[in-house]
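Structure first, commentary second.
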Amino acid sequence: MTVSLKTEAIFRAAQERIKEYILEHNLKPGDPLPTEQELARQLGIGRNSLREAMKSLGTIGVIETRHGLGSFVGHATLAPLIAGMAFNLVQSINHDTRTLRELLQLREILEVGLVGRATGQHTPEQLARLEELVLTMEQEATWGVIGAEADRAFHETLYEPLDNQIVTLLLRTFWDILAAVESQLPAASHSPEINARWHRAIVEAIRAEDSAAAVAAMEVQFIGARERFSTIDD
């Protein structure tokens with residue numbers, strides 16, 4: 001059933017009223033909201049409109065509904081937004097491969113900018129994990145492959161010292177999209193041995209706490225990725 005523009009406008013207005021209520025009352029994540037009847041009365045909107053608005057806000061984490069307990073202010077995160085973005089990107093890539101190259105460019109800007117900041121902040125445990133993952137890549141390279149699992153874990157571990165959840169979500173989104181379209185991509189132009197060597201150079205720079213070398217090593221790694229994606233037809 002198609003929702004009329006008027007009805008959609010009512011739902012959007014109801015969502016804004018609920019968000020305004022949370023801000024005006026200085027409510028924090030986990031704080032309870034009034035009952036549906038009371039909230040509709042205070043906001044001056046119909047219960048059906050309120051119910052639909054609450055559902056929409058629940059999908060993005062603004063509202064959390066607990067069965068039998070009521071509604072609460074949610075612990076909103078960017079996860080639902082990024083998940084939706086990933087789905088839309090996968091759809092668009094099927095029709096316009098330029099999107100994938102633009103996503104790679106975004107990831108390169110992100111990682112090249114952050115690797116220098118992370119250098120010098122890794123714990124011994126994180127350094128050991130990076131070493132373990134590179135050894136896995138080097139072993140896999142002798143078999144003619146580098147599994148996506150080790151590569152993905154390497155980049156996530158690399159930025160653990162920053163303790164930035166948005167960075168982690170964005171990196172996971174890139175890997176999820178890449179996995180979804182992998183079969184549509186041409187083979188990598190560089191060998192698995194070279195790929196492992198690139199990751200080894202990053203680890204060595206991190207161990208030496210040389211941020212400039214870490215940035216340079218990360219930039220080199222993305223040369224291969226750009227070459228691979230540049231061969232995709234628009």
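Chain labels follow the order of the structure tokens: the first chain is A, the next B, and so on; residue numbering restarts at 1 in every chain, and ligands are counted from 1 in their shown order.
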TODO: Return as an MDAnalysis selection string the full set of residues in chain A whose backbone-based DSSP assignment is helix (DSSP H, G or I).
DONE: chainID A and resid 5:24 36:43 47:59 79:93 98:118 124:142 148:158 160:162 165:184 192:207 211:230
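When the distance limit is 7 Å and only C-alpha atoms are what count, the residues near segment 140-147 of chain A, minus those fewer than 3 positions from it on the same chain, are Thr136, Met137, Ala150, Asp151, Pro192, Glu193 and Ala196 of chain A.
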Keeping only N, CA and C atoms, write those residues as an mmCIF file, in the first residue's frame.
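Output contents, as saved in again_16.cif:
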```cif
data_model
loop_
_atom_site.group_PDB
_atom_site.id
_atom_site.type_symbol
_atom_site.label_atom_id
_atom_site.label_comp_id
_atom_site.auth_asym_id
_atom_site.auth_seq_id
_atom_site.Cartn_x
_atom_site.Cartn_y
_atom_site.Cartn_z
ATOM 1 N N THR A 136 50.185 -15.550 8.744
ATOM 2 C CA THR A 136 49.130 -16.309 8.067
ATOM 3 C C THR A 136 49.064 -15.943 6.594
ATOM 4 N N MET A 137 49.140 -14.636 6.293
ATOM 5 C CA MET A 137 49.122 -14.183 4.898
ATOM 6 C C MET A 137 50.316 -14.734 4.127
ATOM 7 N N ALA A 150 41.971 -13.185 6.937
ATOM 8 C CA ALA A 150 43.193 -12.659 7.567
ATOM 9 C C ALA A 150 43.398 -11.193 7.202
ATOM 10 N N ASP A 151 43.145 -10.861 5.949
ATOM 11 C CA ASP A 151 43.309 -9.475 5.491
ATOM 12 C C ASP A 151 42.362 -8.547 6.253
ATOM 13 N N PRO A 192 49.833 -12.850 -4.607
ATOM 14 C CA PRO A 192 49.641 -12.952 -3.154
ATOM 15 C C PRO A 192 50.927 -12.657 -2.378
ATOM 16 N N GLU A 193 52.088 -13.032 -2.946
ATOM 17 C CA GLU A 193 53.358 -12.762 -2.262
ATOM 18 C C GLU A 193 53.583 -11.254 -2.099
ATOM 19 N N ALA A 196 51.238 -9.921 0.614
ATOM 20 C CA ALA A 196 51.766 -10.237 1.946
ATOM 21 C C ALA A 196 52.934 -9.313 2.295
#
```
- Which parts of segment 16-69 of chain A does DSSP call strand (DSSP E) when run on the backbone here, written out as a list of chain:residue names? A:Ile63, A:Glu64, A:Thr65, A:Arg66
Could the residues in this selection be written to a file with C-alpha atoms, as a short mmCIF file (atom, residue, chain, number, x, y, z; two decimals), in the first residue's frame?
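Listing of out_20.cif after writing:
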```cif
data_model
loop_
_atom_site.label_atom_id
_atom_site.label_comp_id
_atom_site.auth_asym_id
_atom_site.auth_seq_id
_atom_site.Cartn_x
_atom_site.Cartn_y
_atom_site.Cartn_z
CA ILE A 63 13.88 4.39 20.79
CA GLU A 64 14.11 0.98 22.39
CA THR A 65 10.93 -0.97 23.13
CA ARG A 66 11.10 -3.70 25.78
#
```
